[in-house]
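Worksheet for the structure shown next.
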Amino acid sequence: MRTQIPKFRLPDSVIDEECGYILNLGVEAHFDHWVGSLKEVLAEGWDAVFVGTGAPRGRDADIPGRQEAAAHIHIGIEWLANVAFGHTTSISERVIVLGGGNTAMDCCRSARRLGGKDVKVVVRSGFDEMKASPWEKEEAIHEQIPIINMHVPKEFVHDNGKLKGVLFEIVKAEYDEKGRRKLVPTGEPDVFMECDDVLVAIGQENAFPWIEKDVGLEFNKWGLPVLNETTFQSTIPNVFFGGDSAFGPKNIITAVAHGHEAAISIDLYCKGKNLNDRPPPTFNLVSQKMGIHDWSYDNQVSEEGRKKVPVKSLEKTLQDIKLELELGFDPYMACSEAERCLNCDVETVFTHKACIECDACADICPTECITFTANGEEDDLRSRLKAPSSNREQALYVSDVLKTGRVLVKDENICLHCGMCAERCPTGAWDMQKFFLEAAQAGAEMPKT
Amino acid sequence: MTYLAKPKLLRPDVPRNALGYTKRDYEGAISTLCAGCGHDSISAAVVQACFDLDVEPHRVAKLSGIGCSSKTPDYFLGNSHGFNTTHGRMPSVLTGAALANRDLLYMGVSGDGDSASIGIGQFAHAMRRGVNMVYLVENNGVYGLTKGQFSATADKGSKSKRGVINSDTPIDLVTLALQLGASYVARSFSGDKEQLIPLIKGALRHRGPALIDVISPCVTFNNHAGSTRSYDYVREHNEAVNRLDVILPRDKITASYPAGSLRRVVQHDGSVLLLRKLHENYDPSDRVAAMNYLQERASMGEIVTGLLYVDSNAEDLHRHLNTVEKPLNQLCYSELCPGSEALEALNQSLRRVGGDSDVAGG
């Protein structure tokens, strides 16, 4: 987090603040402490050990010229770490970044800030299949970095160890009957691109050089620890894993979720309880009605489009690698963005016994997501709804049978949660109720049965 | 009512009609009637019918009188012409408007108070003159705006919300319309849009006076046990004689029906009314039989609904009066004032042959 995500995206102040929430809880933390052996850690006699060491090894591009031109070819995440620590402060003017993930985007944008003038990203896959988030790609393009797709690196061309450039083969994607992609050469002549430095960001692997082979921890064929997927417990009962080191590279949000689950496991483990008897999440469903037309949530649907986060000017940000690019929203824009929320947590709750089938809700619904009709199989039902119902991934709500023998069907896919159905309902059969799910935390009581 | 405007957010695949309009384009202001009012369902049915028929909103004139029902034209077709007239006078104002501009589709919206009490004379004459209009009665059996007194259409013996039993004989607007010469007469229920929408469509494509009496429960004052206009009571006593499908000349008839169960009526503009019979012997072209049938069933406590009578060859007021084809506001000066020669010719045509002196009419 601190060494591989560039400061212009995630400044230290943000990390310090958020990590501070935990450290300030009264955690006894030991920093600047080299951990070189799991055996030694276990020998210290801790009740439980949690490993969150990430996926720290970048995958290499094993093609001709790699060894000879090694001085000008860098592994992306290692290079980013060197930049973060201040060991690396400059790069040549002409840089090629190999890879299409977020690390590749971080590499190319960092290179632009350290003196790279002609920086380009070259990717095997097509633009849409790239692993990088769309907004990361947008920002790279915004920083005048071309992204060249469907090019596979074939050789690092060098002159006695002095890198000249990279030779690429042009490919196209073909899909077999199972939908698996295969990249096949198009037969066009290979492309040579000149450059002075290459950053290789074609993937990450897990590495645990500090875990002894004979310590009793089992690894699977991908080099990842064998874990219980619910408890995050390893084959050594008091050792738990989380984050990228558990199931391979994902993102910080996933890692935090792992941490919560592992904390519950560790709590149960230390109390000598069954790790599979986990406290359930708690939830709440509360009516939002304040008056005939008053709700305790903002039910007006905004018609504003999504706003882009304002950024500092390119001249400024390309000068200073630590300068955060985004300015953030001003209060007005932030409120306007927040108002675009469709309030999916506010559920439309229907009580079929109170319904007099007056059609008021179906008539007022701005998206026609409510239909009174005879019940039927899902396909048949979807074909009879007032608004076309094509998204099968979103379930239909079908009520119990009403007085006339019909049912009420609501297509959740198009509901705006505006609450108009509930405002127009003469009998209160509709209500808007806020659903709040609280994930279980370590130390939570088990419900009494 | 609600304080919020209906969100304008449209999904990308929202259905559009031949004019490129969405159904939302046929809506009006947000209703200020009580939540659950049957009248709002009728408004929604009008919106759907006009959307389905690709009606150009600027070609519609909505006229109404006074009452809950007469407020509703504000809640549909917000881009059409509207005229909120005085109490019970909608038919007369509409007749005048129709004579002045025959190019518009006229929709008169009224209630049981507006049409069966204060405006019954107006109602009668619009029907017997054959004004080319859709006459929509939103019939709830009570005066909702004045807190639920019985109206002139309330059934004898029905109980008010306060527990009073109605002792007066009801006026049945459907029977009156049949008697007075309406050429398209239907009854429906606001809680049954599958029946109501096609009836409105058929009426919009009909030439001549088309009356639709829509029973529309008043949720606030007439939806209790003992009422004969409540959602429950109407659903229990509803006897539909037929189901209607309106087929436009451009559409192909795709559905197949068993032989003998269907009746086709071709209207003057080529649109086809497909009537699926629900009562074997009911004949919607026989006016006298229809009246008899209605009386018979009413005495049994049934509410007969459906397309009760239609005369697809009916003439309208314009034909009776031989009015000019163009709307009056489009007539140019030379048409309105053809000159002294034309006047002389007209005068001449009125003089007796042989040159007898004129005699003042007596």
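FYI, nothing fancy with the structure tokens labels: chains A, B, ... in order, residues from 1 per chain, ligands from 1 as they appear.
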
Find the residues in chain A near chain B: any atom within 6 Å counts, using only C-alpha atoms. Write them as a PDB file with N, CA and C atoms, in the first residue's frame.
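That gives us part21.pdb:
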ATOM      1  N   HIS A 293     -45.949  12.882   3.101  1.00  0.00           N
ATOM      2  CA  HIS A 293     -45.020  13.044   1.985  1.00  0.00           C
ATOM      3  C   HIS A 293     -43.592  13.176   2.468  1.00  0.00           C
ATOM      4  N   VAL A 301     -35.211  11.850  -7.076  1.00  0.00           N
ATOM      5  CA  VAL A 301     -34.224  11.234  -7.953  1.00  0.00           C
ATOM      6  C   VAL A 301     -33.485  12.331  -8.719  1.00  0.00           C
ATOM      7  N   CYS A 358     -56.027  -0.881  -6.216  1.00  0.00           N
ATOM      8  CA  CYS A 358     -56.570   0.319  -6.845  1.00  0.00           C
ATOM      9  C   CYS A 358     -55.674   0.788  -7.988  1.00  0.00           C
ATOM     10  N   ALA A 360     -52.987   2.481  -7.873  1.00  0.00           N
ATOM     11  CA  ALA A 360     -52.353   3.794  -7.680  1.00  0.00           C
ATOM     12  C   ALA A 360     -50.835   3.702  -7.805  1.00  0.00           C
ATOM     13  N   ASP A 363     -49.789   3.124 -11.390  1.00  0.00           N
ATOM     14  CA  ASP A 363     -50.007   4.310 -12.227  1.00  0.00           C
ATOM     15  C   ASP A 363     -48.952   5.381 -11.998  1.00  0.00           C
ATOM     16  N   ARG A 424     -48.541   7.167  -2.764  1.00  0.00           N
ATOM     17  CA  ARG A 424     -49.863   7.100  -3.399  1.00  0.00           C
ATOM     18  C   ARG A 424     -50.711   5.960  -2.866  1.00  0.00           C
ATOM     19  N   CYS A 425     -50.155   5.107  -2.013  1.00  0.00           N
ATOM     20  CA  CYS A 425     -50.917   3.955  -1.539  1.00  0.00           C
ATOM     21  C   CYS A 425     -51.906   4.380  -0.459  1.00  0.00           C
ATOM     22  N   PRO A 426     -53.232   4.152  -0.676  1.00  0.00           N
ATOM     23  CA  PRO A 426     -54.212   4.629   0.299  1.00  0.00           C
ATOM     24  C   PRO A 426     -54.249   3.782   1.570  1.00  0.00           C
TER      25      PRO A 426
END

> Neighbours of A:Gln67 within 12 Å (only C-alpha atoms; same-chain residues fewer than 3 positions away dropped), as a count of residues only?
Replying inline: 18

> Out of stretch 160-279 of chain B, which residues get strand (DSSP E or B) from DSSP, as a ChimeraX atom specification?
Replying inline: /B:165,184-189,209-215,238-240,242-247,262-266,272-277

Output for the residues just chosen: C-alpha atoms as a short mmCIF file (atom, residue, chain, number, x, y, z; two decimals), in the first residue's frame:
data_model
loop_
_atom_site.label_atom_id
_atom_site.label_comp_id
_atom_site.auth_asym_id
_atom_site.auth_seq_id
_atom_site.Cartn_x
_atom_site.Cartn_y
_atom_site.Cartn_z
CA ILE B 165 -79.37 4.72 3.35
CA TYR B 184 -70.91 4.27 -28.89
CA VAL B 185 -71.93 3.36 -25.35
CA ALA B 186 -69.77 1.50 -22.86
CA ARG B 187 -69.42 0.93 -19.15
CA SER B 188 -66.23 -0.01 -17.39
CA PHE B 189 -64.44 -0.01 -14.04
CA PRO B 209 -70.99 10.78 -29.38
CA ALA B 210 -69.14 8.03 -27.47
CA LEU B 211 -70.09 7.70 -23.82
CA ILE B 212 -68.01 5.67 -21.40
CA ASP B 213 -69.45 5.43 -17.91
CA VAL B 214 -66.50 4.43 -15.72
CA ILE B 215 -67.30 3.28 -12.21
CA ASN B 238 -69.13 -6.92 -12.45
CA GLU B 239 -70.65 -8.75 -15.44
CA ALA B 240 -68.64 -8.08 -18.59
CA ASN B 242 -67.55 -8.72 -24.03
CA ARG B 243 -63.86 -7.89 -24.25
CA LEU B 244 -62.66 -5.42 -26.83
CA ASP B 245 -59.51 -5.21 -28.91
CA VAL B 246 -58.99 -2.18 -31.12
CA ILE B 247 -57.03 -2.89 -34.29
CA LEU B 262 -65.89 -13.02 -32.18
CA ARG B 263 -67.65 -10.02 -33.61
CA ARG B 264 -65.92 -7.56 -35.94
CA VAL B 265 -67.05 -3.99 -36.22
CA VAL B 266 -65.32 -1.78 -38.79
CA VAL B 272 -61.58 -2.56 -36.38
CA LEU B 273 -63.29 -3.31 -33.10
CA LEU B 274 -62.78 -6.97 -32.26
CA LEU B 275 -65.31 -8.05 -29.68
CA ARG B 276 -64.79 -11.31 -27.85
CA LYS B 277 -68.18 -12.42 -26.63
#

>> Would you compute the distance between atom CA of B:Ser151 and atom CA of B:Arg297? Give it in Å to one decimal.
In response: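 Interatomic distance, atom CA of B:Ser151 to atom CA of B:Arg297: 21.7 Å.
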
Contact residues around A:Gly45 with only C-alpha atoms at 12 Å, ignoring same-chain residues under 6 positions, as a compact mmCIF listing (two decimals) with C-alpha atoms, in the first residue's frame:
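Now in out_0.txt:
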# COMPACT_ATOMS: atom_id res chain seq x y z
CA LEU A 38 8.18 -18.01 10.54
CA LYS A 39 9.83 -20.58 12.79
CA ASN A 238 -2.68 -20.63 15.06
CA VAL A 239 -1.46 -19.10 11.78

>> Which residues are close to stretch 159-162 of chain B, i.e. within 7 Å by only C-alpha atoms, leaving aside same-chain residues fewer than 5 positions away? Reply as a PyMOL selection string.
In response: chain B and resi 221-222+224+226-227

Near stretch 344-347 of chain A, within 6 Å and counting only C-alpha atoms, which residues show up once chain neighbours fewer than 2 positions away are dropped, as a compact mmCIF listing (two decimals) with N, CA and C atoms, in the first residue's frame?
# COMPACT_ATOMS: atom_id res chain seq x y z
N LEU A 342 -29.23 6.00 -5.71
CA LEU A 342 -30.59 5.50 -5.94
C LEU A 342 -31.18 4.83 -4.69
N VAL A 349 -41.25 -2.26 0.70
CA VAL A 349 -41.80 -3.44 1.38
C VAL A 349 -43.32 -3.47 1.17
N MET A 432 -41.55 2.25 2.69
CA MET A 432 -40.13 2.34 2.36
C MET A 432 -39.35 2.08 3.64
N GLN A 433 -38.57 1.00 3.65
CA GLN A 433 -37.85 0.61 4.86
C GLN A 433 -36.36 0.47 4.58
N LYS A 434 -35.59 1.13 5.42
CA LYS A 434 -34.14 1.12 5.22
C LYS A 434 -33.53 -0.15 5.78
N PHE A 435 -32.76 -0.81 4.94
CA PHE A 435 -32.08 -2.05 5.35
C PHE A 435 -30.66 -1.70 5.72

> Nearest to B:Gly163 among B:Gly96, B:Gly28, B:Pro73, B:Gly148, with distances taken over only C-alpha atoms: which residue is it?
Replying inline: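 Under the stated criterion, the closest residue is B:Gly148.
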
> Near B:Arg205, counting only C-alpha atoms, which residues have an atom at most 8 Å away, once you skip same-chain residues fewer than 6 positions from it, shown as a list in words?
Replying inline: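 Listed by chain and then number, they are Gln267, Asp269 and Ser271 of chain B.
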
> Hey, what's within 9 Å of B:Tyr26 if we count only C-alpha atoms and toss same-chain stuff fewer than 2 positions away? As a PyMOL selection string, please?
Replying inline: chain B and resi 21-24+28+46-48+50-51+57+76-80

Just N, CA and C atoms for this one: save the residues we selected as a short mmCIF file (atom, residue, chain, number, x, y, z; two decimals), in the first residue's frame.
data_model
loop_
_atom_site.label_atom_id
_atom_site.label_comp_id
_atom_site.auth_asym_id
_atom_site.auth_seq_id
_atom_site.Cartn_x
_atom_site.Cartn_y
_atom_site.Cartn_z
N TYR B 21 -42.73 9.30 -29.27
CA TYR B 21 -43.00 9.71 -27.90
C TYR B 21 -42.97 8.52 -26.96
N THR B 22 -42.59 8.79 -25.70
CA THR B 22 -42.73 7.76 -24.67
C THR B 22 -44.06 7.99 -23.97
N LYS B 23 -44.47 7.03 -23.17
CA LYS B 23 -45.73 7.18 -22.46
C LYS B 23 -45.68 8.39 -21.53
N ARG B 24 -44.49 8.66 -21.02
CA ARG B 24 -44.35 9.79 -20.11
C ARG B 24 -44.72 11.11 -20.80
N GLY B 28 -49.59 14.25 -17.44
CA GLY B 28 -49.79 15.65 -17.09
C GLY B 28 -49.13 15.93 -15.77
N VAL B 46 -56.21 6.71 -19.99
CA VAL B 46 -56.24 7.66 -21.12
C VAL B 46 -54.83 7.83 -21.69
N VAL B 47 -53.84 7.95 -20.78
CA VAL B 47 -52.44 8.10 -21.21
C VAL B 47 -52.04 6.89 -22.07
N GLN B 48 -52.35 5.70 -21.57
CA GLN B 48 -51.97 4.48 -22.30
C GLN B 48 -52.67 4.42 -23.65
N CYS B 50 -53.86 6.86 -25.55
CA CYS B 50 -53.34 7.86 -26.49
C CYS B 50 -51.95 7.49 -26.98
N PHE B 51 -51.15 6.91 -26.07
CA PHE B 51 -49.81 6.43 -26.46
C PHE B 51 -49.94 5.33 -27.50
N PRO B 57 -50.50 14.89 -29.28
CA PRO B 57 -51.10 15.61 -28.14
C PRO B 57 -51.72 16.95 -28.54
N PHE B 76 -53.42 14.33 -17.17
CA PHE B 76 -53.01 13.57 -18.36
C PHE B 76 -52.90 14.53 -19.54
N LEU B 77 -52.20 14.13 -20.56
CA LEU B 77 -52.03 14.91 -21.79
C LEU B 77 -51.69 16.37 -21.49
N GLY B 78 -50.58 16.56 -20.80
CA GLY B 78 -50.16 17.90 -20.41
C GLY B 78 -49.84 18.81 -21.58
N ASN B 79 -49.70 18.25 -22.78
CA ASN B 79 -49.38 19.08 -23.95
C ASN B 79 -50.58 19.26 -24.87
N SER B 80 -51.78 18.97 -24.36
CA SER B 80 -52.99 19.13 -25.18
C SER B 80 -53.75 20.39 -24.77
#

> Which residues in stretch 41-198 of chain A does DSSP call helix (DSSP H, G or I)? List them as an MDAnalysis selection string.
Replying inline: chainID A and resid 41:43 70:72 76:85 102:113 134:142

>> Could you check the closest approach to A:Leu275 for each of A:Tyr175, A:Asn375, A:Ala442, A:Arg181 and tell me which residue wins, using only C-alpha atoms?
In response: A:Ala442

> Rounded to one decimal in Å, what is the spacing between atom CA of B:Ala124 and atom CA of B:Gln179?
Replying inline: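 Separation between atom CA of B:Ala124 and atom CA of B:Gln179: 9.5 Å.
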
> atom CA of B:Gly306 and atom CA of B:Ala203 are how many Å apart?
Replying inline: 12.3 Å
